[in-house]
Amino acid sequence: MGAAATVRRAALADIDALLKLEALFPSDQMSRRSLRGFVANPRADFLVAETGGRVLGNLLLLSRAGSRTARIYSVMVDPWARGLGLAQQLVAAAEAAARRRHCTSIALEVRADNIPARRLYEKLGYTVDRELPAYYDDSADGLRLKRRLEPDDG
Ligand SMILES: CC(C)(COP(=O)(O)OP(=O)(O)OC[C@H]1O[C@@H](n2cnc3c(N)ncnc32)[C@H](O)[C@@H]1OP(=O)(O)O)[C@@H](O)C(=O)NCCC(=O)NCCS
């Protein structure tokens with residue numbers, strides 16, 4: 001913890017930096033077109049964490065009309081900037097954004113074998129809502145995690 005990072009909404013000017021970050025995770029890579037779409041999507045909170053003007057992490061939160069559960073669609077941090085609390089800052093900002101959208105909970109899916117991500121969410125109060133056997137393309141198991149957002153917490 002303790003990196004002097006700023007978390008803010010992603011802008012079109014961030015797309016090149018976001019593509020570089022995406023390129024580090026080829027299996028899940030988003031295209032320039034979908035990144036632009038999420039920056040402009042009124043139901044998306046696309047957040048970036050930057051330090052010294054460098055984008056080192058991002059998180060995409062999606063909410064649907066008529067649903068009080070927002071979904072963290074993706075979160076990633078540059079391998080060189082891990083362990084500094086950036087993901088934790090991004091998730092806290094996503095929770096604040098979800099509250100502003102009057103959501104009462106946040107859900108997400110994670111690979112069961114993704115220990116760093118599971119520990120991150122466990123630390124932040126997320127619990128297993130459902131097991132998702134063979135959920136991923138390579139048949140890996142998934143977990144649906146959820147956290148209730150109390151109106152007055154955070
Ligand atoms: C998961 C990920 C986003 C964590 O980012 P990060 O900025 O390094 O995480 P933070 O520094 O904010 O860590 C917060 C907490 O998460 C847990 N955590 C993070 N990395 C961990 C690791 N390698 N092993 C165990 N726990 C870990 C710890 O509880 C940590 O708190 P602590 O530092 O007090 O112990 C990052 O590893 C990543 O980008 N992974 C690849 C993409 C991915 O898997 N995304 C999640 C898909 S759902």
# chains A, B, ... in the order shown; residues from 1 in each chain; ligands from 1
>>> select_by_dssp(residues="chain A", states="strand (DSSP E)", output="PyMOL selection string")
chain A and resi 6-9+44-51+54-62+69-77+105-111+127-132+142-148
>>> residues_around(residues="Leu19 (chain A)", least_positions_apart="2", cutoff="8 Å", atoms="only C-alpha atoms", output="list in words")
Ile15, Asp16, Ala17, Leu21, Glu22, Ala23, Met30, Ser31 and Arg32 of chain A
>>> residues_near_ligand(ligand="ligand 1", cutoff="10 Å", atoms="only C-alpha atoms and all ligand atoms", output="tab-separated table (two decimals) with C-alpha atoms, in the first residue's frame")
chain	number	residue	atom	x	y	z
A	1	MET	CA	0.00	0.00	0.00
A	2	GLY	CA	0.92	3.64	-0.14
A	3	ALA	CA	1.69	4.40	-3.80
A	21	LEU	CA	-1.59	-2.37	-20.65
A	22	GLU	CA	-4.02	-4.69	-22.43
A	24	LEU	CA	0.31	-7.51	-21.32
A	25	PHE	CA	-2.73	-9.79	-21.00
A	28	ASP	CA	-8.25	-11.09	-22.43
A	49	ALA	CA	-4.76	4.58	-11.81
A	56	LEU	CA	-0.43	1.75	-14.47
A	57	GLY	CA	-3.80	0.14	-13.92
A	58	ASN	CA	-7.40	0.17	-14.95
A	59	LEU	CA	-10.78	-1.08	-13.84
A	72	ILE	CA	-16.53	-5.29	-12.12
A	73	TYR	CA	-15.80	-6.47	-15.62
A	74	SER	CA	-12.03	-6.24	-15.44
A	75	VAL	CA	-9.18	-4.95	-13.30
A	76	MET	CA	-5.52	-5.06	-14.11
A	77	VAL	CA	-2.31	-3.52	-12.88
A	78	ASP	CA	1.00	-3.28	-14.75
A	79	PRO	CA	3.23	-6.11	-13.44
A	80	TRP	CA	5.90	-3.53	-12.49
A	81	ALA	CA	3.45	-1.69	-10.24
A	82	ARG	CA	1.89	-4.60	-8.40
A	83	GLY	CA	1.75	-4.92	-4.66
A	84	LEU	CA	1.56	-1.15	-4.20
A	85	GLY	CA	-2.15	-0.94	-3.49
A	86	LEU	CA	-3.25	0.27	-6.93
A	87	ALA	CA	-5.89	-2.43	-7.39
A	88	GLN	CA	-7.20	-1.72	-3.93
A	89	GLN	CA	-7.50	1.99	-4.80
A	90	LEU	CA	-9.25	1.14	-8.07
A	91	VAL	CA	-11.78	-1.14	-6.37
A	92	ALA	CA	-12.50	1.51	-3.71
A	108	LEU	CA	-17.64	-10.05	-10.41
A	109	GLU	CA	-16.29	-13.29	-11.76
A	110	VAL	CA	-12.79	-14.51	-11.07
A	111	ARG	CA	-10.86	-17.62	-12.02
A	112	ALA	CA	-10.72	-19.95	-9.06
A	113	ASP	CA	-6.96	-20.30	-9.58
A	114	ASN	CA	-6.30	-16.53	-9.59
A	115	ILE	CA	-4.94	-16.25	-6.05
A	116	PRO	CA	-3.81	-12.58	-6.19
A	117	ALA	CA	-7.26	-11.46	-7.34
A	118	ARG	CA	-9.06	-13.70	-4.84
A	119	ARG	CA	-6.94	-12.35	-1.97
A	120	LEU	CA	-7.55	-8.78	-3.15
A	121	TYR	CA	-11.32	-9.20	-3.09
A	122	GLU	CA	-11.31	-11.23	0.11
A	123	LYS	CA	-9.39	-8.42	1.81
A	124	LEU	CA	-11.99	-5.93	0.60
A	142	GLY	CA	-14.75	-19.59	-11.84
A	143	LEU	CA	-16.23	-17.98	-8.78
A	144	ARG	CA	-18.83	-15.28	-8.58
A	145	LEU	CA	-17.89	-12.88	-5.81
>>> atom_distance(atom1="CA of Val55 (chain A)", atom2="CA of Ser27 (chain A)")
20.4 Å
>>> atom_distance(atom1="CA of Tyr126 (chain A)", atom2="CA of Asp14 (chain A)")
29.3 Å
>>> atom_distance(atom1="CA of Leu12 (chain A)", atom2="CA of Arg36 (chain A)")
6.6 Å
>>> closest_residue(among="A:Ala40, A:Ile106, A:Leu35, A:Ala134", to="Lys20 (chain A)", atoms="only C-alpha atoms")
A:Leu35
>>> decode(residues="region 49-82 of chain A", atoms="N, CA and C atoms", output="PDB file, in the first residue's frame")
ATOM      1  N   ALA A  49      -5.650   4.155 -12.907  1.00  0.00           N
ATOM      2  CA  ALA A  49      -4.759   4.582 -11.815  1.00  0.00           C
ATOM      3  C   ALA A  49      -3.483   5.059 -12.476  1.00  0.00           C
ATOM      4  N   GLU A  50      -3.068   6.269 -12.148  1.00  0.00           N
ATOM      5  CA  GLU A  50      -1.827   6.769 -12.739  1.00  0.00           C
ATOM      6  C   GLU A  50      -0.899   7.305 -11.664  1.00  0.00           C
ATOM      7  N   THR A  51       0.364   7.157 -11.960  1.00  0.00           N
ATOM      8  CA  THR A  51       1.407   7.676 -11.074  1.00  0.00           C
ATOM      9  C   THR A  51       2.389   8.441 -11.950  1.00  0.00           C
ATOM     10  N   GLY A  52       2.670   9.665 -11.582  1.00  0.00           N
ATOM     11  CA  GLY A  52       3.604  10.474 -12.370  1.00  0.00           C
ATOM     12  C   GLY A  52       3.192  10.575 -13.831  1.00  0.00           C
ATOM     13  N   GLY A  53       1.898  10.634 -14.079  1.00  0.00           N
ATOM     14  CA  GLY A  53       1.407  10.781 -15.451  1.00  0.00           C
ATOM     15  C   GLY A  53       1.391   9.487 -16.248  1.00  0.00           C
ATOM     16  N   ARG A  54       1.747   8.374 -15.614  1.00  0.00           N
ATOM     17  CA  ARG A  54       1.754   7.075 -16.325  1.00  0.00           C
ATOM     18  C   ARG A  54       0.591   6.223 -15.881  1.00  0.00           C
ATOM     19  N   VAL A  55      -0.172   5.715 -16.838  1.00  0.00           N
ATOM     20  CA  VAL A  55      -1.295   4.845 -16.515  1.00  0.00           C
ATOM     21  C   VAL A  55      -0.745   3.459 -16.172  1.00  0.00           C
ATOM     22  N   LEU A  56      -1.006   3.022 -14.944  1.00  0.00           N
ATOM     23  CA  LEU A  56      -0.430   1.752 -14.468  1.00  0.00           C
ATOM     24  C   LEU A  56      -1.485   0.716 -14.128  1.00  0.00           C
ATOM     25  N   GLY A  57      -2.750   1.103 -14.223  1.00  0.00           N
ATOM     26  CA  GLY A  57      -3.797   0.140 -13.922  1.00  0.00           C
ATOM     27  C   GLY A  57      -5.131   0.658 -14.398  1.00  0.00           C
ATOM     28  N   ASN A  58      -6.058  -0.255 -14.577  1.00  0.00           N
ATOM     29  CA  ASN A  58      -7.400   0.174 -14.954  1.00  0.00           C
ATOM     30  C   ASN A  58      -8.450  -0.798 -14.414  1.00  0.00           C
ATOM     31  N   LEU A  59      -9.642  -0.289 -14.316  1.00  0.00           N
ATOM     32  CA  LEU A  59     -10.780  -1.085 -13.837  1.00  0.00           C
ATOM     33  C   LEU A  59     -12.014  -0.645 -14.607  1.00  0.00           C
ATOM     34  N   LEU A  60     -12.789  -1.622 -15.021  1.00  0.00           N
ATOM     35  CA  LEU A  60     -14.032  -1.331 -15.731  1.00  0.00           C
ATOM     36  C   LEU A  60     -15.216  -1.846 -14.920  1.00  0.00           C
ATOM     37  N   LEU A  61     -16.081  -0.911 -14.540  1.00  0.00           N
ATOM     38  CA  LEU A  61     -17.304  -1.240 -13.797  1.00  0.00           C
ATOM     39  C   LEU A  61     -18.486  -0.986 -14.722  1.00  0.00           C
ATOM     40  N   LEU A  62     -19.362  -1.968 -14.810  1.00  0.00           N
ATOM     41  CA  LEU A  62     -20.536  -1.811 -15.672  1.00  0.00           C
ATOM     42  C   LEU A  62     -21.795  -1.905 -14.829  1.00  0.00           C
ATOM     43  N   SER A  63     -22.763  -1.081 -15.163  1.00  0.00           N
ATOM     44  CA  SER A  63     -24.050  -1.189 -14.470  1.00  0.00           C
ATOM     45  C   SER A  63     -25.140  -1.233 -15.526  1.00  0.00           C
ATOM     46  N   ARG A  64     -26.223  -1.892 -15.175  1.00  0.00           N
ATOM     47  CA  ARG A  64     -27.321  -2.039 -16.133  1.00  0.00           C
ATOM     48  C   ARG A  64     -28.539  -1.296 -15.620  1.00  0.00           C
ATOM     49  N   ALA A  65     -29.297  -0.754 -16.543  1.00  0.00           N
ATOM     50  CA  ALA A  65     -30.538  -0.087 -16.151  1.00  0.00           C
ATOM     51  C   ALA A  65     -31.413  -1.127 -15.469  1.00  0.00           C
ATOM     52  N   GLY A  66     -31.992  -0.778 -14.354  1.00  0.00           N
ATOM     53  CA  GLY A  66     -32.913  -1.693 -13.686  1.00  0.00           C
ATOM     54  C   GLY A  66     -32.233  -2.683 -12.758  1.00  0.00           C
ATOM     55  N   SER A  67     -30.907  -2.662 -12.670  1.00  0.00           N
ATOM     56  CA  SER A  67     -30.220  -3.570 -11.753  1.00  0.00           C
ATOM     57  C   SER A  67     -29.495  -2.768 -10.681  1.00  0.00           C
ATOM     58  N   ARG A  68     -29.595  -3.234  -9.449  1.00  0.00           N
ATOM     59  CA  ARG A  68     -28.892  -2.566  -8.344  1.00  0.00           C
ATOM     60  C   ARG A  68     -27.538  -3.211  -8.074  1.00  0.00           C
ATOM     61  N   THR A  69     -27.160  -4.173  -8.931  1.00  0.00           N
ATOM     62  CA  THR A  69     -25.843  -4.806  -8.777  1.00  0.00           C
ATOM     63  C   THR A  69     -24.946  -4.364  -9.927  1.00  0.00           C
ATOM     64  N   ALA A  70     -23.866  -3.677  -9.589  1.00  0.00           N
ATOM     65  CA  ALA A  70     -22.881  -3.301 -10.608  1.00  0.00           C
ATOM     66  C   ALA A  70     -21.879  -4.444 -10.733  1.00  0.00           C
ATOM     67  N   ARG A  71     -21.207  -4.505 -11.884  1.00  0.00           N
ATOM     68  CA  ARG A  71     -20.286  -5.619 -12.108  1.00  0.00           C
ATOM     69  C   ARG A  71     -18.904  -5.095 -12.457  1.00  0.00           C
ATOM     70  N   ILE A  72     -17.919  -5.587 -11.728  1.00  0.00           N
ATOM     71  CA  ILE A  72     -16.530  -5.287 -12.116  1.00  0.00           C
ATOM     72  C   ILE A  72     -16.191  -6.242 -13.250  1.00  0.00           C
ATOM     73  N   TYR A  73     -16.009  -5.671 -14.412  1.00  0.00           N
ATOM     74  CA  TYR A  73     -15.797  -6.474 -15.618  1.00  0.00           C
ATOM     75  C   TYR A  73     -14.316  -6.829 -15.760  1.00  0.00           C
ATOM     76  N   SER A  74     -13.454  -5.907 -15.399  1.00  0.00           N
ATOM     77  CA  SER A  74     -12.025  -6.238 -15.444  1.00  0.00           C
ATOM     78  C   SER A  74     -11.241  -5.288 -14.549  1.00  0.00           C
ATOM     79  N   VAL A  75     -10.140  -5.788 -14.043  1.00  0.00           N
ATOM     80  CA  VAL A  75      -9.185  -4.953 -13.303  1.00  0.00           C
ATOM     81  C   VAL A  75      -7.804  -5.506 -13.605  1.00  0.00           C
ATOM     82  N   MET A  76      -6.899  -4.614 -13.892  1.00  0.00           N
ATOM     83  CA  MET A  76      -5.524  -5.064 -14.106  1.00  0.00           C
ATOM     84  C   MET A  76      -4.533  -3.970 -13.741  1.00  0.00           C
ATOM     85  N   VAL A  77      -3.376  -4.433 -13.286  1.00  0.00           N
ATOM     86  CA  VAL A  77      -2.309  -3.520 -12.885  1.00  0.00           C
ATOM     87  C   VAL A  77      -1.028  -3.969 -13.595  1.00  0.00           C
ATOM     88  N   ASP A  78      -0.287  -3.014 -14.111  1.00  0.00           N
ATOM     89  CA  ASP A  78       0.999  -3.285 -14.747  1.00  0.00           C
ATOM     90  C   ASP A  78       1.853  -4.147 -13.809  1.00  0.00           C
ATOM     91  N   PRO A  79       2.438  -5.229 -14.315  1.00  0.00           N
ATOM     92  CA  PRO A  79       3.232  -6.113 -13.444  1.00  0.00           C
ATOM     93  C   PRO A  79       4.307  -5.377 -12.633  1.00  0.00           C
ATOM     94  N   TRP A  80       4.844  -4.267 -13.194  1.00  0.00           N
ATOM     95  CA  TRP A  80       5.895  -3.526 -12.486  1.00  0.00           C
ATOM     96  C   TRP A  80       5.345  -2.709 -11.327  1.00  0.00           C
ATOM     97  N   ALA A  81       4.037  -2.563 -11.277  1.00  0.00           N
ATOM     98  CA  ALA A  81       3.448  -1.694 -10.241  1.00  0.00           C
ATOM     99  C   ALA A  81       2.565  -2.484  -9.279  1.00  0.00           C
ATOM    100  N   ARG A  82       2.752  -3.788  -9.271  1.00  0.00           N
ATOM    101  CA  ARG A  82       1.887  -4.599  -8.399  1.00  0.00           C
ATOM    102  C   ARG A  82       2.355  -4.561  -6.949  1.00  0.00           C
TER     103      ARG A  82
END
